[in-house]
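Trainee: My structure is below; once you've seen it, I'll send some questions.
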Amino acid sequence: MWLNKLFVTCCTVVGTLLPSAAQSFVGEGTLYPLAQNNGKCIVEGFVQIEGQTDEIIYANTLLWVIEHICPKHMEGIIDNSVAEKSFSCNLTLSPSDSSEGDRLYYCRAFFKVGNEKLIYRLSDIRVESTVLVVKKVTPLEKLNPGKKESHRRITDEFVSLESLLLNRLFDFIGNNASVKVTHWKEITERQAVVGMTQDECRLAFGKPLAVMENNGEVQWKYNTTFYLYFKDGVLSSIIR
């Protein structure tokens, strides 16, 4: 019953128009409640992104996930399709100040862009907690927050964590309309070519292991044999 009530609440927040004001979602503390689908806990909906093409929305979503969730792009991002403008990744969420011991939340995140909408879905949601010094991983749908206060605190904590993550993502997209990608073929094939931007290189290879600057030239190191060199934000030379 509690899940059915939350699902009704969730339906009221999907379809939100992304405002242009900076940090609007984080500032407003928008929440994205749990719903139920075939007996499984999920969080799903979409935001309408005004003034941006599907390509820009997709690129920005990927860039934010690479920066904050999956720095090793090819190891963390699953089923990425430029044609479909969709991808999945695994999330691990950790509260910064839990008074009840260490807890971790795991889920699969799916994102898809179409018709200037960013569709999101969090599924396979689990909580890892310590019970009598033994770590236990429990699917969220196994909890009963309507009867157990400790379970209610766990589900509320997950909603708070995933909502903050989604709000930060939406704000980044809304404030980063100037991103430009023209090398999708090279990104898909993981090829570095002179003229690519730093954003395009992140999309292709993930975050560099180290960044150094010398005499106006920026060097990105990915491993001991792969280096990218940028001038004025544009790839000027490659060592591979």
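Naming scheme: A, B, ... for chains in displayed order of the structure tokens; residues 1 onward per chain; ligands 1 onward as shown.
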Would you list the contacts of stretch 136-150 of chain A as a PyMOL selection string, taking every protein, DNA or RNA residue within 7 Å and counting only C-alpha atoms, but skipping same-chain residues closer than 4 positions in sequence?
Mentor: chain A and resi 2+40-41+125-131+154
Trainee: Could you list, as a CSV table (one decimal) with N, CA, C and O atoms, in the first residue's frame, every residue within 8 Å of A:Asn90, counting only C-alpha atoms and ignoring same-chain residues fewer than 6 positions away?
Mentor:
chain,number,residue,atom,x,y,z
A,76,GLY,N,32.4,1.6,-16.7
A,76,GLY,CA,31.3,1.9,-15.9
A,76,GLY,C,30.0,2.1,-16.6
A,76,GLY,O,28.9,1.9,-16.0
A,77,ILE,N,30.1,2.5,-17.9
A,77,ILE,CA,28.8,2.8,-18.6
A,77,ILE,C,28.5,1.7,-19.5
A,77,ILE,O,29.3,1.1,-20.2
A,106,TYR,N,22.8,0.4,-3.7
A,106,TYR,CA,23.2,0.0,-5.0
A,106,TYR,C,21.9,0.1,-5.9
A,106,TYR,O,20.8,-0.3,-5.5
A,107,CYS,N,22.1,0.5,-7.2
A,107,CYS,CA,21.0,0.4,-8.1
A,107,CYS,C,21.6,0.5,-9.5
A,107,CYS,O,22.7,0.9,-9.7
A,108,ARG,N,20.7,0.2,-10.5
A,108,ARG,CA,21.1,0.4,-11.9
A,108,ARG,C,20.3,1.6,-12.4
A,108,ARG,O,19.1,1.8,-12.2
A,109,ALA,N,21.1,2.6,-13.0
A,109,ALA,CA,20.5,3.8,-13.5
A,109,ALA,C,20.4,3.7,-15.1
A,109,ALA,O,21.4,3.3,-15.7
Trainee: For A:Tyr58, which of A:Thr92, A:Ser160, A:Asn176, A:Thr155 is the closest residue, counting only C-alpha atoms?
Mentor: A:Asn176
Trainee: Tell me, which residues of stretch 6-168 of chain A carry DSSP alpha helix (DSSP H), written as a VMD selection string?
Mentor: chain A and resid 6 to 11 24 to 28 54 to 68 73 to 76 149 to 168
Trainee: Under the rule of at most 10 Å, produce a per-residue listing of stretch 59-114 of chain A near stretch 43-47 of chain A: chain, number, name, the closest pair of atoms, and the distance in Å, as a Markdown table, using only C-alpha atoms.
Mentor:
| residue | atom | partner | partner_atom | distance |
| --- | --- | --- | --- | --- |
| A:Ala109 | CA | A:Val43 | CA | 9.3 |
| A:Phe110 | CA | A:Glu44 | CA | 9.3 |
| A:Phe111 | CA | A:Phe46 | CA | 9.3 |
| A:Lys112 | CA | A:Phe46 | CA | 9.2 |
| A:Val113 | CA | A:Phe46 | CA | 9.2 |
Trainee: Skipping near chain neighbours, those fewer than 3 positions away, what residues fall within 9 Å of A:Ile239 using only C-alpha atoms, listed as a PyMOL selection string?
Mentor: chain A and resi 225-229
Trainee: Which is closer to A:Ile78 than all the others in A:Leu93, A:Leu62, A:Met196, A:Ile49, using only C-alpha atoms?
Mentor: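 Of the candidates, the smallest distance to A:Ile78 is held by A:Leu62.
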Trainee: List every residue of stretch 27-224 of chain A that DSSP, applied to the backbone of this structure, assigns to strand (DSSP E or B), and report them as a PyMOL selection string.
Mentor: chain A and resi 35-37+40-49+77-81+86-93+103-114+117-131+134-139+197+210-214+217-223
Trainee: For A:Arg202, which residue out of A:Phe170, A:Tyr32, A:Phe25, A:Trp64 is the nearest one, using only C-alpha atoms?
Mentor: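 Closest candidate: A:Trp64.
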Trainee: Rounded to one decimal place, report the atom CA of A:Gln198-atom CA of A:Gly51 distance in Å.
Mentor: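 The value is 23.0 Å.
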Trainee: Point out the residue among A:Lys180, A:Lys185, A:Lys207, A:Arg190 with the least atom-to-atom distance to A:Lys72, counting only C-alpha atoms.
Mentor: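 Distance minimum relative to A:Lys72 lands on A:Lys207.
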Trainee: In Å, how far is it from atom CA of A:Arg168 to atom CA of A:Tyr222?
Mentor: 26.7 Å
Trainee: Which residues, written as a list in words, have at least one atom at most 6 Å from A:Lys221, with only C-alpha atoms counted and residues fewer than 6 positions away on the same chain left out?
Mentor: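 My list of contacting residues is Pro208, Leu209, Ala210 and Tyr227 of chain A.
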Trainee: Selection from above, N, CA, C and O atoms, as a compact mmCIF listing (two decimals), in the first residue's frame, can you write it?
Mentor:
# COMPACT_ATOMS: atom_id res chain seq x y z
N PRO A 208 40.83 11.72 -17.40
CA PRO A 208 42.26 11.38 -17.40
C PRO A 208 42.75 11.07 -15.99
O PRO A 208 42.16 11.52 -15.00
N LEU A 209 43.81 10.30 -15.91
CA LEU A 209 44.40 9.99 -14.61
C LEU A 209 45.09 11.21 -14.01
O LEU A 209 45.12 11.38 -12.79
N ALA A 210 45.65 12.05 -14.86
CA ALA A 210 46.35 13.25 -14.39
C ALA A 210 46.22 14.36 -15.43
O ALA A 210 46.15 14.09 -16.63
N TYR A 227 48.73 9.90 -24.11
CA TYR A 227 48.66 11.28 -23.65
C TYR A 227 47.93 12.12 -24.70
O TYR A 227 48.10 11.91 -25.91
Trainee: Pick from A:Ser88, A:Ser236, A:Thr197, A:Ser123: nearest to A:His73, with only C-alpha atoms counted?
Mentor: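 Among the listed residues, A:Ser88 lies closest to A:His73.
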Trainee: How many Å separate atom CA of A:Val218 from atom CA of A:Glu67?
Mentor: 18.2 Å
Trainee: Between A:Val82, A:Ala177, A:Leu91, A:Ala35, which one has atoms that come closest to A:Leu165, using only C-alpha atoms?
Mentor: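 Answer, going by the shortest atom-to-atom distance: A:Leu91.
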Trainee: Near A:Ser163, counting only C-alpha atoms, which residues have an atom at most 9 Å away, once you skip same-chain residues fewer than 5 positions from it, shown as a list in words?
Mentor: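 Those residues are Val26, Gly29, Thr30, Leu31, Tyr32, Pro33, Phe158 and Arg168 of chain A.
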Trainee: Set the distance at 12 Å and use only C-alpha atoms: which residues neighbour A:Gly195 once local chain neighbours fewer than 3 positions away are removed? I'd like the list as a list in words.
Mentor: Val181, Thr182, His183, Glu186, Gln191, Ala192, Gln198, Asp199, Glu200, Cys201, Leu228, Tyr229, Phe230, Lys231, Asp232, Gly233, Val234, Leu235, Ser236, Ser237 and Ile238 of chain A
